6 protein chains.
Amino acid sequence: MRILIVNPNTTASMTATVADSAARVANSGTQIHAVTSSMGPVSIEGYYDEVFAVPGLLVELAKGEKAGADAAIIACFDDTGLDAARALANIPVIGICEAAVSATAFIAQRFTIVTTMERSRLPLEHLVHRYGMAGRCKVRAADIPVLSLEDPTSNARERLRAEIALALKEDKAEAIVLGCAGMADLTAELRAEFGVPVVDGVAAAVKQAEMLVTLGLSTAKTGGYATPVEKPYVGLLEGFAPARLMAR
Amino acid sequence: MRILIVNPNTTASMTATVADSAARVANSGTQIHAVTSSMGPVSIEGYYDEVFAVPGLLVELAKGEKAGADAAIIACFDDTGLDAARALANIPVIGICEAAVSATAFIAQRFTIVTTMERSRLPLEHLVHRYGMAGRCKVRAADIPVLSLEDPTSNARERLRAEIALALKEDKAEAIVLGCAGMADLTAELRAEFGVPVVDGVAAAVKQAEMLVTLGLSTAKTGGYATPVEKPYVGLLEGFAPARLMAR
Amino acid sequence: MRILIVNPNTTASMTATVADSAARVANSGTQIHAVTSSMGPVSIEGYYDEVFAVPGLLVELAKGEKAGADAAIIACFDDTGLDAARALANIPVIGICEAAVSATAFIAQRFTIVTTMERSRLPLEHLVHRYGMAGRCKVRAADIPVLSLEDPTSNARERLRAEIALALKEDKAEAIVLGCAGMADLTAELRAEFGVPVVDGVAAAVKQAEMLVTLGLSTAKTGGYATPVEKPYVGLLEGFAPARLMAR
Amino acid sequence: MRILIVNPNTTASMTATVADSAARVANSGTQIHAVTSSMGPVSIEGYYDEVFAVPGLLVELAKGEKAGADAAIIACFDDTGLDAARALANIPVIGICEAAVSATAFIAQRFTIVTTMERSRLPLEHLVHRYGMAGRCKVRAADIPVLSLEDPTSNARERLRAEIALALKEDKAEAIVLGCAGMADLTAELRAEFGVPVVDGVAAAVKQAEMLVTLGLSTAKTGGYATPVEKPYVGLLEGFAPARLMAR
Amino acid sequence: MRILIVNPNTTASMTATVADSAARVANSGTQIHAVTSSMGPVSIEGYYDEVFAVPGLLVELAKGEKAGADAAIIACFDDTGLDAARALANIPVIGICEAAVSATAFIAQRFTIVTTMERSRLPLEHLVHRYGMAGRCKVRAADIPVLSLEDPTSNARERLRAEIALALKEDKAEAIVLGCAGMADLTAELRAEFGVPVVDGVAAAVKQAEMLVTLGLSTAKTGGYATPVEKPYVGLLEGFAPARLMAR
Amino acid sequence: MRILIVNPNTTASMTATVADSAARVANSGTQIHAVTSSMGPVSIEGYYDEVFAVPGLLVELAKGEKAGADAAIIACFDDTGLDAARALANIPVIGICEAAVSATAFIAQRFTIVTTMERSRLPLEHLVHRYGMAGRCKVRAADIPVLSLEDPTSNARERLRAEIALALKEDKAEAIVLGCAGMADLTAELRAEFGVPVVDGVAAAVKQAEMLVTLGLSTAKTGGYATPVEKPYVGLLEGFAPARLMAR
């Protein structure tokens, strides 16, 4: 089984963090192919960056599917471009926010996502609502830039810890979801420190991708995820017409 | 007052339809600038096309704001890229679905959007839900391609009429919202034929844009619509880094 | 275009405040006719006062429609008698709470209404729920009598400011809606003071009334807003039978 | 124990139907005082009639409370003026829609209200929503005038039966709520005919009023139901200022 | 009329408290039969205890129905086994949480349940949600063991009072619901102390049981509460096959 | 890894069906231990049967955990006793309805559960609501007894097919969830026949159990799933006091 993981931002070091997290949990028979998008922003912080992360994501998804991937994971916690990816691909596609929230629901009745930037809080609340967990899952932001997680001189990790402590106290959270792919390497230490389940969406997504592949399930194509209609795409984006993208 | 209308698909004839509808309702002191996106799909039918309509939309939005527009309208009924547009722009931005639904709520308790393609039904249901109207507004699709509305040899308009008739009967709709910018020219005749309010989102958006400008209101920048963070954008999309886009 | 504004309480000085706010934003071609109800309470503070504000409101609405008004606005923030007014009138009718909430939704994802009396908080929460904004809009009361807003010796305005400050901090409100017609004259100074969008429902309602008239839209009459059935009305209220009211 | 029942429409024969229904279920120690409003419409069909039924209702409520009533019931299925009545009175006040829906919830998971006029359907849906039963209770209208229920030559009862049959089949209703005080005398025969629980709101309200009195519970006065503020009421409605109304 | 009250835990002293509360409010013609379950846990604190309280409850319910009871009440605030009891019995069955919440809704718009153990908070929130009151009713736990309420040396009652005080302040609760059958004897003193309505579910359930019996209403048997299918039950629980249970 | 599957009804042939389905999808390193409850009903059809299926389920769960199971699955589609099981066990526990619904959400926006008995429809609707999927997932019943699925002479499978066909047409379901553990062996053929994703909850639960174990996640014990309080259990159920059950 081959699982493609696309980091939709263009920072390769974050892809490495993600790939490590995936490798730790994948089945022995599962090959993980983690790739970095070749176009767009170096981190995804809010609605604007999201837009420009999707084309590169779809390019990698199409390449991966042609190369034989059985399932794909979008490794950004705002589930960037998930709907478009499901429409394009014939293989199942999973977002790490959806995966994390879905996994946590099996082990806790009330939980909290702790993400990076305040500006990402409402987009994540929308996702949580759409995934049916608005009554069970709160969203908090530690108000730290995404890439500061990789900077040993920043206080990002302290702020993250402080926000987790608030979630346990004020939200009565029974479990914590790490709200950024770049936090994946912190899972074990935060679990040890806080004594509650701490969930990394990358790891959850790998196992759920394996589930879908093993069960022979893929995206339903009879509704909103129908294969895109072939039509002219023009200008700078001409090459993204569905057939051309798949033909790259 | 200058109102920019961006047609986020690349079909200029649809921009003309939209511009006509806008001109009919604009105040005498309002200048309407309707522009067609220069990159992306010729029509927007579902999640995939949406993705590739947004970059061109944002280019036109930035250009328009620099050229002095006081407000902007996104003239595609799936409110393509609305969140990103609000984050980028300092002027208020309105989507025609949001505008239509909001206007209709003043005159009817139950109403129905009739859109084109079945694949657009669920995306519109998500919008309706987000705009707080899930309990009052249903969505139906006439199952017609967007551009067939402009083709006199197609039966698109008959199918649209048939679906409106069903909405009145089965949904007990008190009013009809036309769920595609390309239907704007049909408003008057459908109103006469069915004897219920028929709402065109383009016209509604023009008046609500005038409202926001006159009231001195623009997008709140302290939450999810904060101005995008300046950061490297790479590859094909390098030119879309926020500052570069604004500097074009 | 003629827009009727009915102040459903019987305090003429508040009508003047409302008329000023309306005049500042009306189109040059729009005539504003602001009238004070001739019967009922001098201010509307809670469910009981609401009841006795509606007959006088409907009298003025009927008079105004006969006199040629194209649309009507109810200038009390609890949208007093809005449903009955829509059933009676053939012209569109707008409530200022509905107008304010609807306008603010275009510019902010989370916002807060700050009203006067604590006893009005729950009625406004019901309105917000009905207008589909329960997930986005909170309601706070500064706990001040309505008419104290007009009393320069009261501390009403200080209390209002204090409550706005709490809304920004505790609710993470991105915008503030002024929850009383009598606050209309404070809009500009509060906007300057707090640096966030501050929305006055009277001004919003004027522009949305202009929208409905320009778009040729009026209340759907096929559902709950059907014209009242002609029937005997007896006793003190005999004169309010629909036909008699319209014939006054 | 004395229970006041106010018929808020001005048709005495309907009061008699209501009084009969109440008498059949009241405890031996309970005195039922059923009164007819002395002002307003002869039947309540939609939002407009509701408005003019409330003043007369409040007059009778104030009179009844002064005369020693321990609880009051509003005998119109749209729970006319319930919020204002609760604010005015110190005794508990119950609406028959609220009573019926609340009672039925103890015996059925899914049920349907069958009311008279189509124009009352949405107002009742709003009540059902407010009473927390939107997911369990549907509303249907047999499309019959209220007073036709008392006219032996009309086909009102046949239409009511036909709508009940549809509710059982299409809604999978497990119980039926009669959506008009004027249907109270039909309860037993409809129960026999359809073999499902059929609930009359008048009877339910009597028992729940007895409950509140026996338990020593009355309306909480610390929130939205706080006693109305004393203030000038002017014009035709001068006599309805809270203190004057109570002093009549 | 005979009303059966089953205490589903096996602590007879709590049954006595419940019986006292019931006797104080029952009609003169109502006989109260309060029984203690003969099997299961001595108190019900959370999901696990609930499971083992239901068989004994159903045994007493079947016995009571055969002995002529007209209605039954389940006297534990988590409404233990209510769905199964409704399926088994032909007489109506009421849970005290449902009864309390339903009664309080007639007198307050916002209220709070104060229960014992923190682990019971979420189960009660689920009940409140199911009873349609999630928007109006909060749940708090004083974090005290159920049986400590009967221990004069514990500080349980002080903690209960402290939590009620918080509910009034932080939740703006207009009324308090006592969230444990074992608190029934505190109703009067808490009402006096806090000056707001305080509701005991046992008392409320008695009056609502009387209501259903007087109105001739019992559980609808055409949906999820259909009489259990006769089938083999094996092992230790063989005797609980529906017919055998009723034949005991 | 060892995964315990408990069939909470007492029909061993159904356990065999479940075990086959599990074995087909388990990882090579996963041992499946499928056991049949030793007490309770032979099938679970509605609320009453559910009650008596839980004690036997918990006995097997405790045994399995002591014997070294890493996770447990409850193989009945009404997720019988899931909350109590999570409170008792230290290993994660998964219900097959929750598993199926959660898996299907990754591949379809709208889907339908087709279950057996009409009386199970509402309990499943409650589950779907609780799992956050009420807006996306409908429930239908083919109105067939559970054990008829194993009877080659019954028309159960034809009725199931007919109901699936209705779900695709009337609900616009994009995928079908099989709403009974006893349907697990039909997955492949129904998928082939209807050409849409068909999901078996048993298979989904196995993979999600593997996920939780691999990720080192288990039930949060700080909320409603706290370990049961040790206390006397009396009568027939004495042996189910938490410590005794674990000590068997």
# chains A, B, ... in the order shown; residues from 1 in each chain; ligands from 1
>>> residues_around(residues="Asn7 in chain E", least_positions_apart="5", cutoff="10 Å", atoms="only C-alpha atoms", output="VMD selection string")
chain E and resid 12 14 to 16 18 to 19 34 to 38 43 53 56 to 57 60 73 to 76 80 181
>>> write_last_selection(atoms="all heavy atoms", output="compact mmCIF listing (two decimals), in the first residue's frame")
# COMPACT_ATOMS: atom_id res chain seq x y z
N ALA E 12 -32.63 2.22 50.42
CA ALA E 12 -34.01 2.44 50.84
C ALA E 12 -34.21 3.82 51.45
O ALA E 12 -35.29 4.42 51.32
CB ALA E 12 -34.44 1.36 51.82
N MET E 14 -33.02 6.58 50.50
CA MET E 14 -33.28 7.54 49.43
C MET E 14 -34.70 7.40 48.91
O MET E 14 -35.36 8.39 48.56
CB MET E 14 -32.25 7.39 48.31
CG MET E 14 -32.30 8.56 47.34
SD MET E 14 -30.95 8.57 46.15
CE MET E 14 -29.58 9.05 47.20
N THR E 15 -35.19 6.18 48.87
CA THR E 15 -36.59 5.96 48.48
C THR E 15 -37.52 6.72 49.43
O THR E 15 -38.53 7.29 49.01
CB THR E 15 -36.93 4.46 48.50
OG1 THR E 15 -35.90 3.74 47.83
CG2 THR E 15 -38.27 4.17 47.83
N ALA E 16 -37.16 6.71 50.72
CA ALA E 16 -38.01 7.40 51.70
C ALA E 16 -38.03 8.91 51.44
O ALA E 16 -39.09 9.54 51.50
CB ALA E 16 -37.49 7.11 53.11
N VAL E 18 -37.62 10.34 48.60
CA VAL E 18 -38.41 10.50 47.38
C VAL E 18 -39.90 10.38 47.69
O VAL E 18 -40.73 11.18 47.21
CB VAL E 18 -37.96 9.44 46.35
CG1 VAL E 18 -38.98 9.31 45.24
CG2 VAL E 18 -36.58 9.79 45.81
N ALA E 19 -40.27 9.39 48.49
CA ALA E 19 -41.68 9.16 48.81
C ALA E 19 -42.26 10.36 49.56
O ALA E 19 -43.40 10.77 49.32
CB ALA E 19 -41.83 7.89 49.64
N ALA E 34 -43.97 3.90 46.50
CA ALA E 34 -42.54 4.07 46.23
C ALA E 34 -41.80 2.80 46.60
O ALA E 34 -41.92 2.31 47.73
CB ALA E 34 -42.00 5.26 47.02
N VAL E 35 -41.07 2.26 45.66
CA VAL E 35 -40.36 1.00 45.90
C VAL E 35 -38.87 1.16 45.57
O VAL E 35 -38.48 2.01 44.76
CB VAL E 35 -40.94 -0.15 45.05
CG1 VAL E 35 -42.41 -0.39 45.39
CG2 VAL E 35 -40.76 0.12 43.56
N THR E 36 -38.09 0.32 46.24
CA THR E 36 -36.65 0.33 46.03
C THR E 36 -36.29 -0.88 45.17
O THR E 36 -36.80 -1.98 45.40
CB THR E 36 -35.92 0.21 47.38
OG1 THR E 36 -36.44 1.20 48.26
CG2 THR E 36 -34.42 0.39 47.21
N SER E 37 -35.44 -0.67 44.22
CA SER E 37 -34.98 -1.79 43.39
C SER E 37 -34.28 -2.82 44.27
O SER E 37 -33.63 -2.49 45.26
CB SER E 37 -34.00 -1.28 42.34
OG SER E 37 -33.40 -2.36 41.67
N SER E 38 -34.44 -4.10 43.90
CA SER E 38 -33.85 -5.16 44.72
C SER E 38 -32.51 -5.64 44.18
O SER E 38 -31.94 -6.59 44.69
CB SER E 38 -34.83 -6.33 44.80
OG SER E 38 -34.96 -6.90 43.51
N SER E 43 -26.00 3.40 44.64
CA SER E 43 -26.21 4.74 44.11
C SER E 43 -25.82 4.71 42.64
O SER E 43 -25.09 3.80 42.22
CB SER E 43 -25.37 5.78 44.87
OG SER E 43 -24.00 5.52 44.70
N ALA E 53 -28.57 -0.67 37.12
CA ALA E 53 -29.79 -0.24 37.81
C ALA E 53 -31.04 -0.56 36.99
O ALA E 53 -32.14 -0.62 37.54
CB ALA E 53 -29.71 1.26 38.08
N GLY E 56 -33.32 -4.16 37.67
CA GLY E 56 -34.14 -4.09 38.88
C GLY E 56 -35.30 -3.11 38.73
O GLY E 56 -36.41 -3.34 39.22
N LEU E 57 -35.01 -2.00 38.05
CA LEU E 57 -36.06 -1.02 37.77
C LEU E 57 -37.18 -1.64 36.94
O LEU E 57 -38.37 -1.47 37.24
CB LEU E 57 -35.42 0.14 36.98
CG LEU E 57 -36.34 1.04 36.16
CD1 LEU E 57 -37.15 1.94 37.07
CD2 LEU E 57 -35.52 1.86 35.17
N GLU E 60 -39.42 -3.97 38.96
CA GLU E 60 -40.40 -3.25 39.80
C GLU E 60 -41.49 -2.59 38.94
O GLU E 60 -42.64 -2.52 39.35
CB GLU E 60 -39.70 -2.19 40.66
CG GLU E 60 -38.69 -2.74 41.66
CD GLU E 60 -39.28 -3.79 42.61
OE1 GLU E 60 -40.48 -3.67 42.97
OE2 GLU E 60 -38.56 -4.73 42.97
N ILE E 73 -42.92 6.42 37.72
CA ILE E 73 -41.87 7.43 37.75
C ILE E 73 -40.54 6.76 38.06
O ILE E 73 -40.47 5.89 38.93
CB ILE E 73 -42.18 8.49 38.83
CG1 ILE E 73 -43.41 9.30 38.41
CG2 ILE E 73 -40.99 9.40 39.08
CD1 ILE E 73 -43.99 10.16 39.51
N ILE E 74 -39.52 7.13 37.32
CA ILE E 74 -38.17 6.64 37.59
C ILE E 74 -37.45 7.71 38.39
O ILE E 74 -37.19 8.80 37.87
CB ILE E 74 -37.42 6.34 36.29
CG1 ILE E 74 -38.17 5.27 35.49
CG2 ILE E 74 -35.99 5.90 36.59
CD1 ILE E 74 -37.61 5.02 34.10
N ALA E 75 -37.12 7.39 39.65
CA ALA E 75 -36.65 8.43 40.57
C ALA E 75 -35.13 8.52 40.66
O ALA E 75 -34.54 8.52 41.73
CB ALA E 75 -37.26 8.21 41.95
N CYS E 76 -34.51 8.61 39.52
CA CYS E 76 -33.08 8.90 39.49
C CYS E 76 -32.89 9.95 38.42
O CYS E 76 -33.47 9.85 37.33
CB CYS E 76 -32.27 7.65 39.17
SG CYS E 76 -30.51 8.05 39.02
N THR E 80 -32.60 6.92 34.28
CA THR E 80 -32.11 5.57 34.07
C THR E 80 -33.14 4.65 33.40
O THR E 80 -34.24 4.49 33.92
CB THR E 80 -31.79 4.91 35.44
OG1 THR E 80 -31.27 5.91 36.33
CG2 THR E 80 -30.84 3.76 35.29
N ALA E 181 -32.32 12.88 42.90
CA ALA E 181 -33.52 12.58 43.68
C ALA E 181 -33.27 12.78 45.17
O ALA E 181 -34.18 13.17 45.92
CB ALA E 181 -33.96 11.14 43.41
>>> interface_residues(of="chain B", to="chain D", cutoff="12 Å", atoms="only C-alpha atoms", output="JSON, numbers by chain")
{"B": [108, 109, 110, 135, 136, 172, 174]}
>>> write_last_selection(atoms="N, CA and C atoms", output="short mmCIF file (atom, residue, chain, number, x, y, z; two decimals), in the first residue's frame")
data_model
loop_
_atom_site.label_atom_id
_atom_site.label_comp_id
_atom_site.auth_asym_id
_atom_site.auth_seq_id
_atom_site.Cartn_x
_atom_site.Cartn_y
_atom_site.Cartn_z
N ALA B 108 -39.29 37.01 2.86
CA ALA B 108 -39.91 35.68 2.84
C ALA B 108 -39.37 34.86 4.00
N GLN B 109 -40.22 34.02 4.54
CA GLN B 109 -39.77 33.16 5.64
C GLN B 109 -39.16 31.85 5.13
N ARG B 110 -39.67 31.36 4.00
CA ARG B 110 -39.13 30.14 3.41
C ARG B 110 -38.88 30.40 1.95
N GLY B 135 -32.39 26.63 8.03
CA GLY B 135 -33.78 26.29 8.37
C GLY B 135 -34.80 26.96 7.48
N ARG B 136 -34.37 27.92 6.68
CA ARG B 136 -35.35 28.69 5.90
C ARG B 136 -35.19 28.53 4.40
N LYS B 172 -42.80 24.58 -0.62
CA LYS B 172 -43.64 25.72 -0.20
C LYS B 172 -42.80 27.00 -0.15
N GLU B 174 -41.70 30.61 -0.72
CA GLU B 174 -42.44 31.87 -0.89
C GLU B 174 -41.71 32.79 -1.86
#
>>> residues_around(residues="Gly182 in chain E", least_positions_apart="5", cutoff="12 Å", atoms="only C-alpha atoms", output="compact mmCIF listing (two decimals) with N, CA, C and O atoms, in the first residue's frame")
# COMPACT_ATOMS: atom_id res chain seq x y z
N ASN E 7 -37.33 3.73 42.82
CA ASN E 7 -35.97 4.22 43.04
C ASN E 7 -35.05 3.17 42.44
O ASN E 7 -34.94 2.06 42.96
N ASN E 9 -31.89 2.91 42.42
CA ASN E 9 -30.74 2.43 43.18
C ASN E 9 -31.27 1.62 44.37
O ASN E 9 -32.49 1.57 44.61
N THR E 11 -30.81 1.87 47.65
CA THR E 11 -30.71 2.50 48.97
C THR E 11 -32.09 2.95 49.44
O THR E 11 -32.65 3.92 48.93
N ALA E 12 -32.63 2.22 50.42
CA ALA E 12 -34.01 2.44 50.84
C ALA E 12 -34.21 3.82 51.45
O ALA E 12 -35.29 4.42 51.32
N SER E 13 -33.19 4.36 52.10
CA SER E 13 -33.38 5.68 52.72
C SER E 13 -33.63 6.75 51.66
O SER E 13 -34.37 7.70 51.89
N MET E 14 -33.02 6.58 50.50
CA MET E 14 -33.28 7.54 49.43
C MET E 14 -34.70 7.40 48.91
O MET E 14 -35.36 8.39 48.56
N THR E 15 -35.19 6.18 48.87
CA THR E 15 -36.59 5.96 48.48
C THR E 15 -37.52 6.72 49.43
O THR E 15 -38.53 7.29 49.01
N ALA E 16 -37.16 6.71 50.72
CA ALA E 16 -38.01 7.40 51.70
C ALA E 16 -38.03 8.91 51.44
O ALA E 16 -39.09 9.54 51.50
N THR E 17 -36.88 9.47 51.13
CA THR E 17 -36.83 10.89 50.79
C THR E 17 -37.72 11.19 49.59
O THR E 17 -38.49 12.16 49.57
N VAL E 18 -37.62 10.34 48.60
CA VAL E 18 -38.41 10.50 47.38
C VAL E 18 -39.90 10.38 47.69
O VAL E 18 -40.73 11.18 47.21
N ALA E 19 -40.27 9.39 48.49
CA ALA E 19 -41.68 9.16 48.81
C ALA E 19 -42.26 10.36 49.56
O ALA E 19 -43.40 10.77 49.32
N ASP E 20 -41.48 10.92 50.44
CA ASP E 20 -41.93 12.12 51.17
C ASP E 20 -42.21 13.26 50.20
O ASP E 20 -43.23 13.94 50.30
N SER E 21 -41.28 13.49 49.32
CA SER E 21 -41.45 14.58 48.36
C SER E 21 -42.70 14.35 47.52
O SER E 21 -43.47 15.28 47.26
N SER E 43 -26.00 3.40 44.64
CA SER E 43 -26.21 4.74 44.11
C SER E 43 -25.82 4.71 42.64
O SER E 43 -25.09 3.80 42.22
N ILE E 44 -26.29 5.67 41.88
CA ILE E 44 -26.02 5.68 40.44
C ILE E 44 -25.17 6.89 40.13
O ILE E 44 -25.62 8.03 40.19
N ALA E 75 -37.12 7.39 39.65
CA ALA E 75 -36.65 8.43 40.57
C ALA E 75 -35.13 8.52 40.66
O ALA E 75 -34.54 8.52 41.73
N CYS E 76 -34.51 8.61 39.52
CA CYS E 76 -33.08 8.90 39.49
C CYS E 76 -32.89 9.95 38.42
O CYS E 76 -33.47 9.85 37.33
N PHE E 77 -32.06 10.98 38.68
CA PHE E 77 -32.02 12.13 37.81
C PHE E 77 -31.39 11.86 36.45
O PHE E 77 -31.49 12.67 35.53
N ILE E 96 -37.41 11.76 36.17
CA ILE E 96 -37.47 13.00 36.95
C ILE E 96 -36.64 14.13 36.35
O ILE E 96 -36.93 15.30 36.58
N THR E 115 -26.10 19.12 39.80
CA THR E 115 -26.10 17.69 40.13
C THR E 115 -24.97 17.37 41.10
O THR E 115 -24.30 18.28 41.62
N THR E 116 -24.75 16.09 41.34
CA THR E 116 -23.77 15.65 42.33
C THR E 116 -22.37 15.51 41.72
O THR E 116 -21.55 16.41 41.80
N ILE E 144 -19.92 16.04 44.48
CA ILE E 144 -20.17 15.36 45.75
C ILE E 144 -20.76 13.98 45.48
O ILE E 144 -21.55 13.82 44.54
N PRO E 145 -20.38 12.95 46.23
CA PRO E 145 -20.99 11.63 46.04
C PRO E 145 -22.49 11.69 46.38
O PRO E 145 -22.90 12.45 47.26
N VAL E 146 -23.27 10.89 45.67
CA VAL E 146 -24.73 10.90 45.87
C VAL E 146 -25.08 10.66 47.33
O VAL E 146 -25.87 11.39 47.94
N LEU E 147 -24.49 9.63 47.92
CA LEU E 147 -24.92 9.26 49.28
C LEU E 147 -24.43 10.25 50.34
O LEU E 147 -24.94 10.25 51.47
N SER E 148 -23.47 11.09 50.00
CA SER E 148 -23.03 12.10 50.96
C SER E 148 -24.15 13.08 51.30
O SER E 148 -24.12 13.75 52.33
N LEU E 149 -25.15 13.18 50.40
CA LEU E 149 -26.28 14.07 50.68
C LEU E 149 -27.01 13.65 51.94
O LEU E 149 -27.68 14.45 52.60
N GLU E 150 -26.89 12.36 52.27
CA GLU E 150 -27.60 11.83 53.44
C GLU E 150 -26.70 11.79 54.68
O GLU E 150 -27.14 11.35 55.74
N ASP E 151 -25.49 12.23 54.52
CA ASP E 151 -24.52 12.13 55.62
C ASP E 151 -24.37 13.51 56.27
O ASP E 151 -23.78 14.42 55.69
N ALA E 156 -21.49 18.19 51.88
CA ALA E 156 -22.16 18.12 50.58
C ALA E 156 -23.12 19.28 50.38
O ALA E 156 -23.17 19.88 49.31
N ARG E 157 -23.87 19.61 51.41
CA ARG E 157 -24.88 20.65 51.21
C ARG E 157 -24.24 22.04 51.04
O ARG E 157 -24.77 22.88 50.31
N THR E 187 -35.58 21.32 48.75
CA THR E 187 -36.22 22.28 47.85
C THR E 187 -36.66 23.55 48.57
O THR E 187 -36.31 24.67 48.17
N ASP E 200 -37.78 20.47 42.12
CA ASP E 200 -37.49 19.07 42.47
C ASP E 200 -38.18 18.19 41.45
O ASP E 200 -39.41 18.25 41.27
N GLY E 201 -37.42 17.36 40.78
CA GLY E 201 -37.97 16.53 39.72
C GLY E 201 -38.96 15.49 40.19
O GLY E 201 -39.86 15.10 39.44
N VAL E 202 -38.82 15.02 41.43
CA VAL E 202 -39.77 14.02 41.92
C VAL E 202 -41.17 14.61 42.00
O VAL E 202 -42.14 14.04 41.48
>>> atom_distance(atom1="CA of Gly224 in chain D", atom2="CA of Glu65 in chain D")
20.2 Å
>>> atom_distance(atom1="CA of Ile94 in chain F", atom2="CA of Arg191 in chain F")
24.2 Å
>>> select_by_dssp(residues="range 178-215 of chain F", states="alpha helix (DSSP H)", output="PyMOL selection string")
chain F and resi 187-194+201-214
>>> atom_distance(atom1="CA of Ser120 in chain F", atom2="CA of Val93 in chain F")
21.9 Å
>>> residues_around(residues="Leu58 in chain B", least_positions_apart="4", cutoff="7 Å", atoms="only C-alpha atoms", output="ChimeraX atom specification")
/B:54,62,85
>>> select_by_dssp(residues="range 5-225 of chain B", states="strand (DSSP E)", output="VMD selection string")
chain B and resid 5 to 7 31 to 36 40 to 41 71 to 74 93 to 95 111 to 115 137 to 141 175 to 179 198 to 200
>>> residues_around(residues="Gln31 in chain C", least_positions_apart="3", cutoff="9 Å", atoms="only C-alpha atoms", output="JSON, numbers by chain")
{"C": [1, 2, 3, 4, 23, 26, 27, 28]}
>>> write_last_selection(atoms="C-alpha atoms", output="PDB file, in the first residue's frame")
ATOM      1  CA  MET C   1     -38.548  56.964  -3.321  1.00  0.00           C
ATOM      2  CA  ARG C   2     -40.293  57.502   0.016  1.00  0.00           C
ATOM      3  CA  ILE C   3     -39.247  55.598   3.095  1.00  0.00           C
ATOM      4  CA  LEU C   4     -41.427  55.646   6.161  1.00  0.00           C
ATOM      5  CA  ALA C  23     -31.038  61.442   6.713  1.00  0.00           C
ATOM      6  CA  ALA C  26     -30.326  58.203   2.516  1.00  0.00           C
ATOM      7  CA  ASN C  27     -29.831  58.602  -1.218  1.00  0.00           C
ATOM      8  CA  SER C  28     -30.420  62.047  -2.594  1.00  0.00           C
TER       9      SER C  28
END
>>> residues_around(residues="Val51 in chain D", least_positions_apart="5", cutoff="9 Å", atoms="only C-alpha atoms", output="number ranges by chain")
C: 51-52, 54-55, 81, 84; D: 40, 80-81
>>> closest_residue(among="B:Val25, B:Pro123, B:Glu45, B:Ile32", to="Pro8 in chain B", atoms="only C-alpha atoms")
B:Glu45
>>> residues_around(residues="Pro197 in chain F", least_positions_apart="4", cutoff="8 Å", atoms="only C-alpha atoms", output="JSON, numbers by chain")
{"A": [217, 218, 219, 220], "F": [174, 175, 176, 191]}
